[in-house]
Amino acid sequence: MLAQNGTLTGLILNEDNFPLEDVNIKINNDGTKTDKNGFFSIKIPANTDIKIVFTHISHKPITATFNLKNGETYVFNPVMSVSVEQIEEVVLNSKKRKDIEGIVTIDTKTLKKIPGATAGVENILKTLPGVSGNNELSTQYSVRGGNYDENLVYVNGIEVYKPFLVRSGQQEGLSFVNSDLVKNIEFSAGGFQAKYGDKLSSVLDITYKKPIDFGVSIDLSLLGGSLAVETASKDAKFTSITGVRYRNNSLLVNAKETETNFNPAFFDAQTYLSYKFSDKFQLSFLGNGSLNKYDYEPKTRQTNFGTLDNPLALLVFYEGQERDRYQTLFGALNGTYFMNDNLTIDLVASTYHTTEDEHFDILAEYRLGEVNSNIGDEDLGEVEFSEGIGGQLNHGRNDLDALISTIEQKGTYNIKENEIKWSVKYTNEDIRDRLIEWEVIDSAGFSIRPPTIDDFNDQPYTSYDGPIVPFQNVRVKNETTINRVQTYFQWSKKSNWKESKAWYNIGLRAHNWSVRSKGVKSNNQTVISPRAQFAIKPKWEKDMLFRVSGGLYYQPPFYRELRDRNGNVQPNVKAQQSIHLVLGNDYSFNLWKRPFKLTSEVYYKDINNVNSYTIENVRIRYRANNNAEAFAYGLDLRINGEFVPGTESWFSFGYLKTEENLNNRGFIPRPTDQRLKFAALFQDYVPKIPSMKMYLNLVYNSGLPGGSPSYADPYIFQSKLPDYKRADAGFQFVLVDTNKTYDKRWKQQFKELSFGIEIFNIFDVQNSITNTWVRDVYTKRQFAIPNYLTPRIFNVRTTMRF
């Protein structure tokens with residue numbers, strides 16, 4: 001009676017959609033067969049990965065891994081092929097149930113194969129509609145008009161964090177999520193349930209594997225490598241999966257236009273341990289340690305820009321260097337108690353500690369001039385006349401030490417078609433921060449003063465005897481403590497409405513936080529967030545699912561949002577508020593006798609108490625005064641399916657408009673106002689050589705607002721960066737996999753083995769992320785010099801599994 005089981009049932013068909021009789025279905029030492037109608041039903045252990053093999057004498061086998069909840073019934077209807085290579089492994093965890101919740105699930109096999117400068121989960125997310133990323137060196141992304149700080153990331157139900165001080169993509173290093181350890185990937189672009197935290201944009205929910213056997217996987221390339229080891233005890237009570245990664249971005253950064261001495265080293269190790277004490281109680285531990293070193297010594301740079309009629313060039317000679325260190329330790333302990341078949345209780349405790357040092361002194365001396373464009377001239381391309389000569393000295397001594405500790409009790413109660421979830425969570429954030437930055441700009445021997453100073457400065461035409469001050473100067477030391485208490489309660493129900501199937505979800509979140517910082521008055525605030533979802537599947541001939549979701553969403557400020565442009569903590573910053581509405585539709589159909597799905601969503605956000613900001617590369621600087629209101633609306637479309645038999649591909653389209661009104665001066669585009677987005681993720685193989693595979697990652701994003709000079713008034717200076725266009729391709733030859741095994745010689749040691757080549761930025765498009773602004777001393781104009789991203793780059797890669 002205490003056994004924890006789920007039920008797998010379904011209908012197995014051949015390519016002509018006729019039932020297949022006598023298909024063998026094997027699970028460990030147990031199994032069953034399909035009847036004359038192709039039907040089967042089998043009970044499997046719940047809450048663990050169960051590998052099932054479907055075989056038939058005249059068809060190719062299918063291997064699938066399932067993870068069902070206790071009492072759950074999952075319908076699996078595979079089509080067995082006699083001529084087409086089968087998908088190697090299908091990982092399923094109530095995928096249909098996630099569709100009604102508006103959650104996108106991503107195949108983990110796809111995750112590891114799709115090429116990209118920063119391959120991984122975030123690389124795949126950027127091919128989804130509504131998700132934007134204009135920097136291939138960064139793992140950060142914006143969703144439906146939000147910024148990088150508005151996205152939630154969970155691993156095994158535990159919220160994880162990113163570094164605080166990172167200002168450019170090439171400093172980031174490794175994402176927290178280790179692709180080698182991932183079992184499930186779930187993503188919501190908005191309208192998510194109350195069980196998820198208080199952010200305005202999106203949720204990425206990752207689940208790590210619980211191995212069922214011993215295994216080792218290795219991935220090596222010119223950008224670094226990874227190693228993952230899986231173990232399981234004979235009685236299956238203890239499981240572990242451990243991953244180690246190393247990455248070096250020299251291949252990418254050395255290909256850029258700035259000549260540098262560049263020595264990055266990004267390393268991390270993660271482990272997920274689980275022990276099942278009994279059928280009622282199990283304990284798991286998630287641990288992570290990372291060390292990122294970034295040493296950057298620029299030498300020279302030449303950027304050509306302008307037009308054919310007026311070609312210009314910027315020549316820069318550098319002195320100095322930057323040395324950054326980011327060290328992170330994270331640990332979480334989760335105890336799960338199965339009270340009975342209906343009630344599950346969890347207790348989670350976690351600690352996150354990061355120490356970050358960002359030290360730099362870089363002197364840049366530049367010449368801005370006209371370029372010799374006379375074809376045949378021996379000085380072709382050289383700067384002939386200098387319109388601007390000057391220098392810029394940047395100094396920084398930034399240090400941060402943050403300790404975030406959390407304890408949470410949560411539970412799930414199932415009764416018939418109802419599910420109730422609840423949680424109470426306490427978080428303590430202790431942050432110590434020293435911010436020292438200044439910048440001096442010199443133009444032809446004259447120090448340029450910041451435009452915020454009212455004194456008139458007519459240099460170099462009139463001498464100025466005022467004090468010499470830096471163009472920018474920030475000096476502050478903060479010791480801040482934030483205490484948070486969060487709770488939620490939500491109810492879900494499945495029911496029949498006439499001849500249709502319906503699903504409801506209603507939830508409520510409450511969030512209280514207090515801010516104490518040295519030298520400022522403490523503050524305490526509370527917000528309450530109601531949320532709801534409804535989905536209906538009519539009994540139509542066409543397979544259609546309709547969804548509506550929304551609510552009142554809040555984002556209480558994190559430490560970085562409390563810090564204004566001068567580095568001072570403002571404890572009175574309010575939570576940003578968004579009224580969010582999402583309407584969605586899933587249309588599933590067959591094309592070329594293969595399954596496809598078209599997903600459509602329209603959304604609207606009305607945002608108040610906006611904490612306005614500026615973005616430079618990936619660094620966000622907040623004004624910390626809730627001085628704006630904003631809105632966002634758009635349309636997301638995605639069609640996915642087997643464009644090539646046996647592989648999943650998709651095409652995405654997104655339309656977005658988002659604007660903000662600062663201090664009632666009128667609406668202008670927000671820094672994330674990316675009007676159009678198109679992306680494709682395509683998988684293919686050579687029909688006569690199925691071991692030769694191709695993967696294409698294609699992204700087009702229209703230009704973002706931004707790139708304005710420091711202190712520029714956004715209402716006066718409205719400019720857009722160029723459109724972002726990028727295509728990455730990977731070509732892989734598979735020597736060994738589940739459909740291609742060997743019993744002799746050296747290949748018998750491998751379960752998987754492949755070699756390949758990757759081409760990043762196939763068409764060598766010059767994408768830019770920001771502008772460098774250079775002053776012409778004669779006309780006092782400022783020129784926008786684009787900071788280009790990576791050109792075309794070749795990479796070789798091999799993957800293996802034992």
# chains A, B, ... in the order shown; residues from 1 in each chain; ligands from 1
$ residues_around --residues "Gly173 (chain A)" --least-positions-apart "4" --cutoff "12 Å" --atoms "only C-alpha atoms" --output "MDAnalysis selection string"
chainID A and resid 117:119 137:140 162:163 166 168:169 177 223:224 245:250 264:268 290:294 324:327
$ select_by_dssp --residues "region 689-755 of chain A" --states "strand (DSSP E or B)" --output "ChimeraX atom specification"
/A:689-701,705,720,724-737,740,752-755
$ residues_around --residues "region 354-369 of chain A" --least-positions-apart "3" --cutoff "8 Å" --atoms "only C-alpha atoms" --output "JSON, numbers by chain"
{"A": [163, 164, 165, 312, 313, 314, 315, 316, 317, 318, 319, 320, 321, 322, 323, 324, 325, 326, 327, 328, 329, 383, 384, 385, 386, 387, 388, 389, 390, 391, 392, 393, 394, 395, 396, 397, 398, 399, 400, 401, 402, 403, 774, 776]}
$ residues_around --residues "Tyr426 (chain A)" --least-positions-apart "3" --cutoff "8 Å" --atoms "only C-alpha atoms" --output "short mmCIF file (atom, residue, chain, number, x, y, z; two decimals) with N, CA and C atoms, in the first residue's frame"
data_model
loop_
_atom_site.label_atom_id
_atom_site.label_comp_id
_atom_site.auth_asym_id
_atom_site.auth_seq_id
_atom_site.Cartn_x
_atom_site.Cartn_y
_atom_site.Cartn_z
N THR A 406 19.06 30.97 3.05
CA THR A 406 17.62 30.76 2.89
C THR A 406 17.19 29.47 3.57
N ILE A 407 16.00 29.50 4.16
CA ILE A 407 15.37 28.28 4.65
C ILE A 407 13.90 28.33 4.23
N GLU A 408 13.40 27.19 3.72
CA GLU A 408 12.05 27.17 3.16
C GLU A 408 11.37 25.85 3.49
N ASN A 483 16.37 41.46 4.87
CA ASN A 483 15.66 40.29 5.38
C ASN A 483 14.33 40.17 4.63
N ARG A 484 14.04 38.95 4.17
CA ARG A 484 12.82 38.72 3.38
C ARG A 484 12.04 37.55 3.97
N VAL A 485 10.72 37.70 3.98
CA VAL A 485 9.80 36.61 4.32
C VAL A 485 8.82 36.49 3.16
N GLN A 486 8.78 35.30 2.55
CA GLN A 486 7.90 35.08 1.41
C GLN A 486 7.02 33.87 1.68
#
$ residues_around --residues "region 49-55 of chain A" --least-positions-apart "2" --cutoff "6 Å" --atoms "only C-alpha atoms" --output "short mmCIF file (atom, residue, chain, number, x, y, z; two decimals) with N, CA and C atoms, in the first residue's frame"
data_model
loop_
_atom_site.label_atom_id
_atom_site.label_comp_id
_atom_site.auth_asym_id
_atom_site.auth_seq_id
_atom_site.Cartn_x
_atom_site.Cartn_y
_atom_site.Cartn_z
N VAL A 23 4.59 -5.69 -29.55
CA VAL A 23 5.77 -4.86 -29.27
C VAL A 23 6.22 -5.15 -27.85
N ASN A 24 7.48 -5.54 -27.69
CA ASN A 24 8.03 -5.84 -26.37
C ASN A 24 8.37 -4.56 -25.63
N ILE A 25 7.89 -4.45 -24.41
CA ILE A 25 8.14 -3.27 -23.58
C ILE A 25 8.85 -3.76 -22.33
N LYS A 26 10.13 -3.39 -22.20
CA LYS A 26 10.95 -3.95 -21.14
C LYS A 26 11.40 -2.87 -20.17
N ILE A 27 11.24 -3.15 -18.87
CA ILE A 27 11.72 -2.27 -17.81
C ILE A 27 12.45 -3.14 -16.79
N PRO A 61 14.19 -0.09 -32.60
CA PRO A 61 13.82 0.09 -31.19
C PRO A 61 13.75 1.56 -30.79
N ILE A 62 13.00 1.82 -29.74
CA ILE A 62 12.91 3.16 -29.15
C ILE A 62 13.26 3.04 -27.67
N THR A 63 14.16 3.90 -27.23
CA THR A 63 14.51 3.96 -25.80
C THR A 63 13.99 5.27 -25.23
N ALA A 64 13.27 5.18 -24.14
CA ALA A 64 12.71 6.40 -23.53
C ALA A 64 12.89 6.33 -22.03
N THR A 65 13.10 7.50 -21.42
CA THR A 65 13.25 7.60 -19.97
C THR A 65 12.09 8.42 -19.41
N PHE A 66 11.44 7.89 -18.38
CA PHE A 66 10.27 8.54 -17.80
C PHE A 66 10.51 8.83 -16.33
N ASN A 67 9.87 9.89 -15.85
CA ASN A 67 9.91 10.23 -14.44
C ASN A 67 8.52 10.72 -14.06
#
$ residues_around --residues "Phe489 (chain A)" --least-positions-apart "4" --cutoff "6 Å" --atoms "only C-alpha atoms" --output "short mmCIF file (atom, residue, chain, number, x, y, z; two decimals) with N, CA and C atoms, in the first residue's frame"
data_model
loop_
_atom_site.label_atom_id
_atom_site.label_comp_id
_atom_site.auth_asym_id
_atom_site.auth_seq_id
_atom_site.Cartn_x
_atom_site.Cartn_y
_atom_site.Cartn_z
N LYS A 421 -0.58 23.56 -3.30
CA LYS A 421 0.83 23.78 -2.99
C LYS A 421 0.96 25.00 -2.09
N TRP A 422 1.94 24.96 -1.19
CA TRP A 422 2.19 26.10 -0.31
C TRP A 422 3.67 26.16 0.06
N GLY A 507 -3.60 31.36 -7.34
CA GLY A 507 -2.59 31.43 -6.30
C GLY A 507 -2.41 32.83 -5.76
N LEU A 508 -1.77 32.91 -4.59
CA LEU A 508 -1.52 34.18 -3.93
C LEU A 508 -0.13 34.14 -3.30
#
$ atom_distance --atom1 "CA of Phe76 (chain A)" --atom2 "CA of Lys539 (chain A)"
19.6 Å
$ atom_distance --atom1 "CA of Glu429 (chain A)" --atom2 "CA of Tyr559 (chain A)"
8.7 Å
$ atom_distance --atom1 "CA of Ile607 (chain A)" --atom2 "CA of Glu629 (chain A)"
5.8 Å
